[in-house]
file start_27.cif (mmCIF, C-alpha atoms)
data_data
loop_
_atom_site.group_PDB
_atom_site.id
_atom_site.type_symbol
_atom_site.label_atom_id
_atom_site.label_comp_id
_atom_site.auth_asym_id
_atom_site.auth_seq_id
_atom_site.Cartn_x
_atom_site.Cartn_y
_atom_site.Cartn_z
ATOM 1 C CA MET A 88 -69.285 -72.145 -166.843
ATOM 2 C CA SER A 89 -65.747 -70.929 -167.244
ATOM 3 C CA SER A 90 -62.842 -73.342 -167.437
ATOM 4 C CA VAL A 91 -61.077 -71.273 -164.783
ATOM 5 C CA TYR A 92 -63.165 -72.903 -162.049
ATOM 6 C CA LEU A 93 -63.149 -76.505 -163.237
ATOM 7 C CA SER A 94 -60.184 -78.537 -164.317
ATOM 8 C CA ARG A 95 -60.141 -79.977 -167.809
ATOM 9 C CA HIS A 96 -59.683 -83.433 -166.375
ATOM 10 C CA PRO A 97 -63.088 -85.196 -166.157
ATOM 11 C CA ALA A 98 -62.267 -86.965 -162.869
ATOM 12 C CA VAL A 99 -61.810 -83.645 -161.070
ATOM 13 C CA ALA A 100 -65.135 -82.374 -162.387
ATOM 14 C CA TYR A 101 -66.784 -85.674 -161.359
ATOM 15 C CA LEU A 102 -65.470 -85.388 -157.783
ATOM 16 C CA PHE A 103 -66.596 -81.774 -157.639
ATOM 17 C CA PHE A 104 -70.178 -82.752 -158.479
ATOM 18 C CA VAL A 105 -70.291 -85.849 -156.247
ATOM 19 C CA ARG A 106 -69.188 -84.154 -153.016
ATOM 20 C CA PRO A 107 -72.579 -82.627 -152.052
ATOM 21 C CA MET A 108 -74.264 -85.989 -152.594
ATOM 22 C CA ARG A 109 -71.733 -87.695 -150.343
ATOM 23 C CA ALA A 110 -72.503 -85.205 -147.552
ATOM 24 C CA VAL A 111 -76.194 -86.030 -147.872
ATOM 25 C CA LEU A 112 -75.407 -89.746 -147.620
ATOM 26 C CA ILE A 113 -73.296 -89.171 -144.510
ATOM 27 C CA TYR A 114 -76.107 -87.063 -143.034
ATOM 28 C CA ARG A 115 -78.612 -89.834 -143.648
ATOM 29 C CA ALA A 116 -76.220 -92.420 -142.199
ATOM 30 C CA LEU A 117 -75.992 -90.320 -139.020
ATOM 31 C CA LEU A 118 -79.790 -90.199 -138.891
ATOM 32 C CA LEU A 119 -79.971 -93.994 -139.242
ATOM 33 C CA VAL A 120 -77.519 -94.453 -136.383
ATOM 34 C CA ARG A 121 -79.558 -92.033 -134.247
ATOM 35 C CA VAL A 122 -82.812 -93.866 -134.984
ATOM 36 C CA GLY A 123 -81.141 -97.207 -134.236
ATOM 37 C CA TRP A 124 -79.924 -95.971 -130.863
ATOM 38 C CA LEU A 125 -83.337 -94.430 -130.146
ATOM 39 C CA LEU A 126 -84.990 -97.807 -130.652
ATOM 40 C CA LEU A 127 -82.362 -99.684 -128.609
ATOM 41 C CA GLU A 128 -82.509 -97.352 -125.623
ATOM 42 C CA TRP A 129 -86.295 -97.389 -125.653
ATOM 43 C CA PHE A 130 -86.503 -101.185 -125.953
ATOM 44 C CA PHE A 131 -84.010 -101.860 -123.157
ATOM 45 C CA GLY A 132 -85.099 -98.950 -120.939
ATOM 46 C CA TRP A 133 -81.712 -97.231 -121.053
ATOM 47 C CA ASP A 134 -83.138 -93.808 -121.770
ATOM 48 C CA SER A 135 -81.537 -91.224 -119.507
ATOM 49 C CA ARG A 136 -84.642 -89.023 -119.542
ATOM 50 C CA ARG A 137 -86.580 -91.407 -117.327
ATOM 51 C CA HIS A 138 -87.034 -89.947 -113.886
ATOM 52 C CA VAL A 139 -88.506 -91.514 -110.796
ATOM 53 C CA ASN A 140 -90.861 -89.041 -109.211
ATOM 54 C CA LEU A 141 -94.284 -88.973 -107.623
ATOM 55 C CA PHE A 142 -96.038 -88.890 -111.011
ATOM 56 C CA THR A 143 -94.330 -92.053 -112.264
ATOM 57 C CA LEU A 144 -94.993 -93.849 -108.977
ATOM 58 C CA LEU A 145 -98.695 -92.904 -108.826
ATOM 59 C CA HIS A 146 -99.456 -93.168 -112.545
ATOM 60 C CA PRO A 147 -97.029 -95.678 -114.088
ATOM 61 C CA TYR A 148 -99.136 -96.260 -117.219
ATOM 62 C CA ALA A 149 -99.561 -92.539 -117.841
ATOM 63 C CA ALA A 150 -95.805 -92.074 -117.502
ATOM 64 C CA LEU A 151 -95.217 -95.001 -119.859
ATOM 65 C CA PHE A 152 -97.647 -93.532 -122.395
ATOM 66 C CA ALA A 153 -96.040 -90.080 -122.135
ATOM 67 C CA HIS A 154 -92.596 -91.572 -122.652
ATOM 68 C CA ALA A 155 -93.769 -93.608 -125.666
ATOM 69 C CA ALA A 156 -95.409 -90.498 -127.146
ATOM 70 C CA ALA A 157 -92.153 -88.544 -126.707
ATOM 71 C CA GLU A 158 -90.144 -91.308 -128.392
ATOM 72 C CA PHE A 159 -92.644 -91.461 -131.267
ATOM 73 C CA THR A 160 -92.462 -87.679 -131.672
ATOM 74 C CA LEU A 161 -88.675 -87.829 -131.845
ATOM 75 C CA PHE A 162 -88.952 -90.624 -134.402
ATOM 76 C CA VAL A 163 -91.281 -88.445 -136.538
ATOM 77 C CA VAL A 164 -88.864 -85.518 -136.271
ATOM 78 C CA LEU A 165 -85.964 -87.744 -137.365
ATOM 79 C CA ALA A 166 -88.075 -88.945 -140.299
ATOM 80 C CA GLY A 167 -88.717 -85.304 -141.173
ATOM 81 C CA LEU A 168 -84.968 -84.697 -141.122
ATOM 82 C CA TRP A 169 -84.525 -87.685 -143.440
ATOM 83 C CA TYR A 170 -86.820 -85.980 -145.956
ATOM 84 C CA PHE A 171 -85.184 -82.564 -145.346
ATOM 85 C CA ARG A 172 -88.163 -80.769 -143.837
ATOM 86 C CA ARG A 173 -87.335 -77.413 -142.260
ATOM 87 C CA TRP A 174 -89.921 -77.847 -139.502
ATOM 88 C CA ALA A 175 -88.127 -81.026 -138.398
ATOM 89 C CA ARG A 176 -84.802 -79.204 -138.231
ATOM 90 C CA LEU A 177 -86.317 -76.507 -136.016
ATOM 91 C CA ILE A 178 -88.088 -78.986 -133.723
ATOM 92 C CA PHE A 179 -84.927 -81.105 -133.420
ATOM 93 C CA VAL A 180 -82.882 -78.094 -132.288
ATOM 94 C CA LEU A 181 -85.603 -77.033 -129.838
ATOM 95 C CA ALA A 182 -85.835 -80.585 -128.452
ATOM 96 C CA LEU A 183 -82.075 -80.675 -127.918
ATOM 97 C CA ALA A 184 -82.193 -77.317 -126.137
ATOM 98 C CA LEU A 185 -85.029 -78.579 -123.926
ATOM 99 C CA SER A 186 -83.053 -81.737 -123.240
ATOM 100 C CA VAL A 187 -80.067 -79.692 -122.041
ATOM 101 C CA VAL A 188 -82.288 -77.634 -119.728
ATOM 102 C CA ASP A 189 -83.996 -80.803 -118.496
ATOM 103 C CA SER A 190 -80.719 -82.535 -117.705
ATOM 104 C CA ALA A 191 -79.408 -79.461 -115.870
ATOM 105 C CA PHE A 192 -82.363 -79.274 -113.486
ATOM 106 C CA TRP A 193 -83.339 -82.942 -113.200
ATOM 107 C CA PRO A 194 -80.331 -85.260 -113.297
ATOM 108 C CA TYR A 195 -80.746 -88.990 -113.828
ATOM 109 C CA ARG A 196 -82.586 -90.577 -110.906
ATOM 110 C CA GLY A 197 -83.573 -93.969 -112.179
ATOM 111 C CA LEU A 198 -84.231 -97.120 -110.219
ATOM 112 C CA SER A 199 -80.975 -98.551 -111.532
ATOM 113 C CA LEU A 200 -78.148 -97.250 -113.656
ATOM 114 C CA PRO A 201 -77.739 -98.683 -117.140
ATOM 115 C CA PRO A 202 -74.537 -100.596 -117.966
ATOM 116 C CA SER A 203 -71.400 -98.466 -118.224
ATOM 117 C CA PHE A 204 -71.084 -98.917 -121.994
ATOM 118 C CA VAL A 205 -74.536 -97.353 -122.394
ATOM 119 C CA LEU A 206 -73.357 -94.202 -120.642
ATOM 120 C CA ALA A 207 -70.326 -94.037 -122.962
ATOM 121 C CA ILE A 208 -72.520 -94.528 -126.029
ATOM 122 C CA GLY A 209 -74.905 -91.911 -124.635
ATOM 123 C CA TRP A 210 -72.114 -89.334 -124.763
ATOM 124 C CA CYS A 211 -71.362 -90.428 -128.321
ATOM 125 C CA VAL A 212 -75.035 -89.808 -129.134
ATOM 126 C CA VAL A 213 -74.638 -86.274 -127.779
ATOM 127 C CA LEU A 214 -71.819 -85.796 -130.295
ATOM 128 C CA LEU A 215 -73.968 -87.431 -132.962
ATOM 129 C CA ASN A 216 -76.806 -84.988 -132.261
ATOM 130 C CA GLY A 217 -74.329 -82.137 -132.573
ATOM 131 C CA ALA A 218 -73.127 -83.467 -135.917
ATOM 132 C CA ILE A 219 -76.725 -83.751 -137.167
ATOM 133 C CA VAL A 220 -77.469 -80.155 -136.146
ATOM 134 C CA ALA A 221 -74.220 -78.862 -137.645
ATOM 135 C CA MET A 222 -74.769 -80.662 -140.940
ATOM 136 C CA SER A 223 -78.378 -79.450 -141.046
ATOM 137 C CA PHE A 224 -77.299 -75.821 -140.958
ATOM 138 C CA LEU A 225 -74.126 -76.022 -143.060
ATOM 139 C CA PRO A 226 -73.832 -76.432 -146.825
ATOM 140 C CA PRO A 227 -74.397 -78.643 -148.786
ATOM 141 C CA VAL A 228 -77.080 -80.272 -146.578
ATOM 142 C CA ARG A 229 -78.544 -76.845 -145.747
ATOM 143 C CA ASP A 230 -79.029 -76.287 -149.470
ATOM 144 C CA VAL A 231 -80.985 -79.548 -149.734
ATOM 145 C CA PHE A 232 -83.330 -78.287 -146.991
ATOM 146 C CA ALA A 233 -83.880 -75.081 -148.996
ATOM 147 C CA THR A 234 -84.575 -76.864 -152.289
ATOM 148 C CA SER A 235 -86.780 -79.445 -150.573
ATOM 149 C CA ASP A 236 -89.112 -76.715 -149.334
ATOM 150 C CA LEU A 237 -89.325 -75.137 -152.771
ATOM 151 C CA THR A 238 -90.271 -78.401 -154.463
ATOM 152 C CA ASN A 239 -92.958 -79.270 -151.874
ATOM 153 C CA ARG A 240 -95.008 -76.106 -152.258
#
call {"tool": "encode", "arguments": {"input": "start_27.cif", "output": "structure tokens"}}
result
Amino acid sequence: MSSVYLSRHPAVAYLFFVRPMRAVLIYRALLLVRVGWLLLEWFFGWDSRRHVNLFTLLHPYAALFAHAAAEFTLFVVLAGLWYFRRWARLIFVLALALSVVDSAFWPYRGLSLPPSFVLAIGWCVVLLNGAIVAMSFLPPVRDVFATSDLTNR
């Protein structure tokens, strides 16, 4: 490597090599926050995707099972993102797109509204999801997804 690109001072070279690792740590911290909120909203029933309709009234256990299966699937996708699997990145983006379509056609119609701070945190989670998607497709995290697939073949 030419000395034109790196400074002769070792601290500058050290910071240059640490930066991609710091982005990966921030990415994983965002994933941990997302998983934590996923578990909290499921445990307390604050999930905004719950709808009261004829299916949930006639088959409450089937609706509960379907909701638990959806939460488990999202948990598996987030675990896949933790290990930098490309399939998880694709499924996460598709799930977010489906969530936007779902919220446009079926707004929240629960039996009761969650506390107001939950709605505020819910909007923060929307921003958090956007940050996870952006970091997944931008370097240096994108590069980790590419090298992860090469090493797992």
call {"tool": "residues_around", "arguments": {"input": "start_27.cif", "residues": "Arg173 in chain A", "least_positions_apart": "5", "cutoff": "9 Å", "atoms": "only C-alpha atoms", "output": "list in words"}}
result
Gly167, Leu168, Ile178, Phe232, Ala233, Ser235 and Asp236 of chain A
call {"tool": "residues_around", "arguments": {"input": "start_27.cif", "residues": "Val205 in chain A", "least_positions_apart": "3", "cutoff": "12 Å", "atoms": "all atoms listed in the file", "output": "tab-separated table (two decimals) with C-alpha atoms, in the coordinates of the input"}}
result
chain	number	residue	atom	x	y	z
A	124	TRP	CA	-79.92	-95.97	-130.86
A	127	LEU	CA	-82.36	-99.68	-128.61
A	128	GLU	CA	-82.51	-97.35	-125.62
A	131	PHE	CA	-84.01	-101.86	-123.16
A	132	GLY	CA	-85.10	-98.95	-120.94
A	133	TRP	CA	-81.71	-97.23	-121.05
A	134	ASP	CA	-83.14	-93.81	-121.77
A	135	SER	CA	-81.54	-91.22	-119.51
A	200	LEU	CA	-78.15	-97.25	-113.66
A	201	PRO	CA	-77.74	-98.68	-117.14
A	202	PRO	CA	-74.54	-100.60	-117.97
A	208	ILE	CA	-72.52	-94.53	-126.03
A	209	GLY	CA	-74.90	-91.91	-124.64
A	210	TRP	CA	-72.11	-89.33	-124.76
A	211	CYS	CA	-71.36	-90.43	-128.32
A	212	VAL	CA	-75.04	-89.81	-129.13
call {"tool": "resolve_selection", "arguments": {"input": "start_27.cif", "expression": "the PyMOL selection byres ((chain A and resi 179) around 10)", "output": "ChimeraX atom specification"}}
result
/A:161,164-165,167-168,173-178,180-185,216,219-220
call {"tool": "atom_distance", "arguments": {"input": "start_27.cif", "atom1": "CA of Val111 in chain A", "atom2": "CA of Trp169 in chain A"}}
result
9.6 Å
call {"tool": "closest_residue", "arguments": {"input": "start_27.cif", "among": "A:Ala150, A:Ser203, A:Arg172, A:Ser190", "to": "Arg229 in chain A", "atoms": "only C-alpha atoms"}}
result
A:Arg172
call {"tool": "atom_distance", "arguments": {"input": "start_27.cif", "atom1": "CA of Leu145 in chain A", "atom2": "CA of Leu125 in chain A"}}
result
26.3 Å
call {"tool": "resolve_selection", "arguments": {"input": "start_27.cif", "expression": "the PyMOL selection byres ((chain A and resi 155) around 12)", "output": "PyMOL selection string"}}
result
chain A and resi 125-126+128-130+132+134+136-137+148-154+156-162
call {"tool": "atom_distance", "arguments": {"input": "start_27.cif", "atom1": "CA of Ala110 in chain A", "atom2": "CA of Tyr170 in chain A"}}
result
14.4 Å
call {"tool": "decode", "arguments": {"input": "start_27.cif", "residues": "range 130-233 of chain A", "atoms": "C-alpha atoms", "output": "PDB file, in the first residue's frame"}}
result
ATOM      1  CA  PHE A 130     -45.283  -9.458  25.918  1.00  0.00           C
ATOM      2  CA  PHE A 131     -47.451  -6.441  26.742  1.00  0.00           C
ATOM      3  CA  GLY A 132     -49.703  -6.716  23.671  1.00  0.00           C
ATOM      4  CA  TRP A 133     -48.708  -3.318  22.292  1.00  0.00           C
ATOM      5  CA  ASP A 134     -48.161  -4.571  18.772  1.00  0.00           C
ATOM      6  CA  SER A 135     -49.845  -2.262  16.285  1.00  0.00           C
ATOM      7  CA  ARG A 136     -50.418  -5.083  13.796  1.00  0.00           C
ATOM      8  CA  ARG A 137     -53.149  -6.638  15.909  1.00  0.00           C
ATOM      9  CA  HIS A 138     -56.517  -6.133  14.303  1.00  0.00           C
ATOM     10  CA  VAL A 139     -59.945  -6.959  15.621  1.00  0.00           C
ATOM     11  CA  ASN A 140     -61.901  -8.648  12.882  1.00  0.00           C
ATOM     12  CA  LEU A 141     -64.238 -11.577  12.432  1.00  0.00           C
ATOM     13  CA  PHE A 142     -61.354 -14.071  12.289  1.00  0.00           C
ATOM     14  CA  THR A 143     -59.909 -12.990  15.640  1.00  0.00           C
ATOM     15  CA  LEU A 144     -63.352 -13.006  17.257  1.00  0.00           C
ATOM     16  CA  LEU A 145     -64.312 -16.470  15.954  1.00  0.00           C
ATOM     17  CA  HIS A 146     -60.893 -18.113  16.261  1.00  0.00           C
ATOM     18  CA  PRO A 147     -58.963 -16.348  19.043  1.00  0.00           C
ATOM     19  CA  TYR A 148     -56.447 -19.181  19.518  1.00  0.00           C
ATOM     20  CA  ALA A 149     -55.742 -19.418  15.795  1.00  0.00           C
ATOM     21  CA  ALA A 150     -55.169 -15.663  15.685  1.00  0.00           C
ATOM     22  CA  LEU A 151     -52.901 -15.907  18.729  1.00  0.00           C
ATOM     23  CA  PHE A 152     -50.927 -18.733  17.114  1.00  0.00           C
ATOM     24  CA  ALA A 153     -50.618 -16.818  13.826  1.00  0.00           C
ATOM     25  CA  HIS A 154     -49.393 -13.738  15.661  1.00  0.00           C
ATOM     26  CA  ALA A 155     -46.851 -15.765  17.669  1.00  0.00           C
ATOM     27  CA  ALA A 156     -45.629 -17.434  14.463  1.00  0.00           C
ATOM     28  CA  ALA A 157     -45.189 -14.010  12.820  1.00  0.00           C
ATOM     29  CA  GLU A 158     -43.234 -12.707  15.818  1.00  0.00           C
ATOM     30  CA  PHE A 159     -41.034 -15.821  15.820  1.00  0.00           C
ATOM     31  CA  THR A 160     -40.395 -15.414  12.088  1.00  0.00           C
ATOM     32  CA  LEU A 161     -39.351 -11.804  12.610  1.00  0.00           C
ATOM     33  CA  PHE A 162     -37.083 -12.921  15.445  1.00  0.00           C
ATOM     34  CA  VAL A 163     -35.436 -15.494  13.120  1.00  0.00           C
ATOM     35  CA  VAL A 164     -34.973 -12.839  10.433  1.00  0.00           C
ATOM     36  CA  LEU A 165     -33.354 -10.485  12.963  1.00  0.00           C
ATOM     37  CA  ALA A 166     -31.063 -13.328  14.048  1.00  0.00           C
ATOM     38  CA  GLY A 167     -30.168 -13.842  10.391  1.00  0.00           C
ATOM     39  CA  LEU A 168     -29.310 -10.150  10.148  1.00  0.00           C
ATOM     40  CA  TRP A 169     -27.117 -10.531  13.237  1.00  0.00           C
ATOM     41  CA  TYR A 170     -25.118 -13.202  11.400  1.00  0.00           C
ATOM     42  CA  PHE A 171     -25.144 -11.178   8.141  1.00  0.00           C
ATOM     43  CA  ARG A 172     -27.209 -13.546   6.018  1.00  0.00           C
ATOM     44  CA  ARG A 173     -28.366 -12.080   2.710  1.00  0.00           C
ATOM     45  CA  TRP A 174     -31.670 -13.965   2.803  1.00  0.00           C
ATOM     46  CA  ALA A 175     -32.494 -12.242   6.104  1.00  0.00           C
ATOM     47  CA  ARG A 176     -31.782  -8.828   4.608  1.00  0.00           C
ATOM     48  CA  LEU A 177     -34.141  -9.534   1.708  1.00  0.00           C
ATOM     49  CA  ILE A 178     -36.914 -10.917   3.929  1.00  0.00           C
ATOM     50  CA  PHE A 179     -36.584  -7.970   6.334  1.00  0.00           C
ATOM     51  CA  VAL A 180     -37.044  -5.462   3.500  1.00  0.00           C
ATOM     52  CA  LEU A 181     -40.000  -7.422   2.103  1.00  0.00           C
ATOM     53  CA  ALA A 182     -41.592  -7.624   5.571  1.00  0.00           C
ATOM     54  CA  LEU A 183     -41.237  -3.867   6.006  1.00  0.00           C
ATOM     55  CA  ALA A 184     -42.812  -3.268   2.598  1.00  0.00           C
ATOM     56  CA  LEU A 185     -45.689  -5.595   3.508  1.00  0.00           C
ATOM     57  CA  SER A 186     -46.064  -3.794   6.819  1.00  0.00           C
ATOM     58  CA  VAL A 187     -46.421  -0.443   5.035  1.00  0.00           C
ATOM     59  CA  VAL A 188     -49.074  -1.864   2.700  1.00  0.00           C
ATOM     60  CA  ASP A 189     -50.839  -3.499   5.647  1.00  0.00           C
ATOM     61  CA  SER A 190     -50.935  -0.289   7.663  1.00  0.00           C
ATOM     62  CA  ALA A 191     -52.245   1.680   4.673  1.00  0.00           C
ATOM     63  CA  PHE A 192     -55.240  -0.596   4.125  1.00  0.00           C
ATOM     64  CA  TRP A 193     -55.943  -1.790   7.670  1.00  0.00           C
ATOM     65  CA  PRO A 194     -55.271   0.897  10.270  1.00  0.00           C
ATOM     66  CA  TYR A 195     -55.054   0.046  13.958  1.00  0.00           C
ATOM     67  CA  ARG A 196     -58.406  -1.177  15.265  1.00  0.00           C
ATOM     68  CA  GLY A 197     -57.583  -2.727  18.584  1.00  0.00           C
ATOM     69  CA  LEU A 198     -59.809  -3.172  21.593  1.00  0.00           C
ATOM     70  CA  SER A 199     -57.851  -0.457  23.373  1.00  0.00           C
ATOM     71  CA  LEU A 200     -55.058   1.887  22.421  1.00  0.00           C
ATOM     72  CA  PRO A 201     -51.657   1.330  23.997  1.00  0.00           C
ATOM     73  CA  PRO A 202     -50.211   4.066  26.236  1.00  0.00           C
ATOM     74  CA  SER A 203     -49.113   7.224  24.429  1.00  0.00           C
ATOM     75  CA  PHE A 204     -45.403   6.596  25.029  1.00  0.00           C
ATOM     76  CA  VAL A 205     -45.737   3.296  23.151  1.00  0.00           C
ATOM     77  CA  LEU A 206     -46.993   5.126  20.075  1.00  0.00           C
ATOM     78  CA  ALA A 207     -44.024   7.522  20.278  1.00  0.00           C
ATOM     79  CA  ILE A 208     -41.585   4.628  20.652  1.00  0.00           C
ATOM     80  CA  GLY A 209     -43.354   2.878  17.773  1.00  0.00           C
ATOM     81  CA  TRP A 210     -42.440   5.771  15.484  1.00  0.00           C
ATOM     82  CA  CYS A 211     -38.869   5.558  16.759  1.00  0.00           C
ATOM     83  CA  VAL A 212     -38.904   1.866  15.812  1.00  0.00           C
ATOM     84  CA  VAL A 213     -39.937   2.877  12.292  1.00  0.00           C
ATOM     85  CA  LEU A 214     -36.810   5.048  12.170  1.00  0.00           C
ATOM     86  CA  LEU A 215     -34.810   2.194  13.673  1.00  0.00           C
ATOM     87  CA  ASN A 216     -36.022  -0.174  10.945  1.00  0.00           C
ATOM     88  CA  GLY A 217     -34.987   2.395   8.359  1.00  0.00           C
ATOM     89  CA  ALA A 218     -31.531   2.649   9.905  1.00  0.00           C
ATOM     90  CA  ILE A 219     -31.173  -1.153   9.879  1.00  0.00           C
ATOM     91  CA  VAL A 220     -32.145  -1.320   6.197  1.00  0.00           C
ATOM     92  CA  ALA A 221     -29.861   1.579   5.273  1.00  0.00           C
ATOM     93  CA  MET A 222     -26.887   0.110   7.116  1.00  0.00           C
ATOM     94  CA  SER A 223     -27.562  -3.302   5.565  1.00  0.00           C
ATOM     95  CA  PHE A 224     -27.200  -1.923   2.056  1.00  0.00           C
ATOM     96  CA  LEU A 225     -24.429   0.630   2.630  1.00  0.00           C
ATOM     97  CA  PRO A 226     -20.727  -0.016   3.186  1.00  0.00           C
ATOM     98  CA  PRO A 227     -19.075  -1.219   5.394  1.00  0.00           C
ATOM     99  CA  VAL A 228     -21.932  -3.431   6.684  1.00  0.00           C
ATOM    100  CA  ARG A 229     -22.896  -4.354   3.106  1.00  0.00           C
ATOM    101  CA  ASP A 230     -19.365  -5.659   2.623  1.00  0.00           C
ATOM    102  CA  VAL A 231     -19.741  -7.896   5.687  1.00  0.00           C
ATOM    103  CA  PHE A 232     -22.884  -9.405   4.117  1.00  0.00           C
ATOM    104  CA  ALA A 233     -20.893 -10.136   0.939  1.00  0.00           C
TER     105      ALA A 233
END
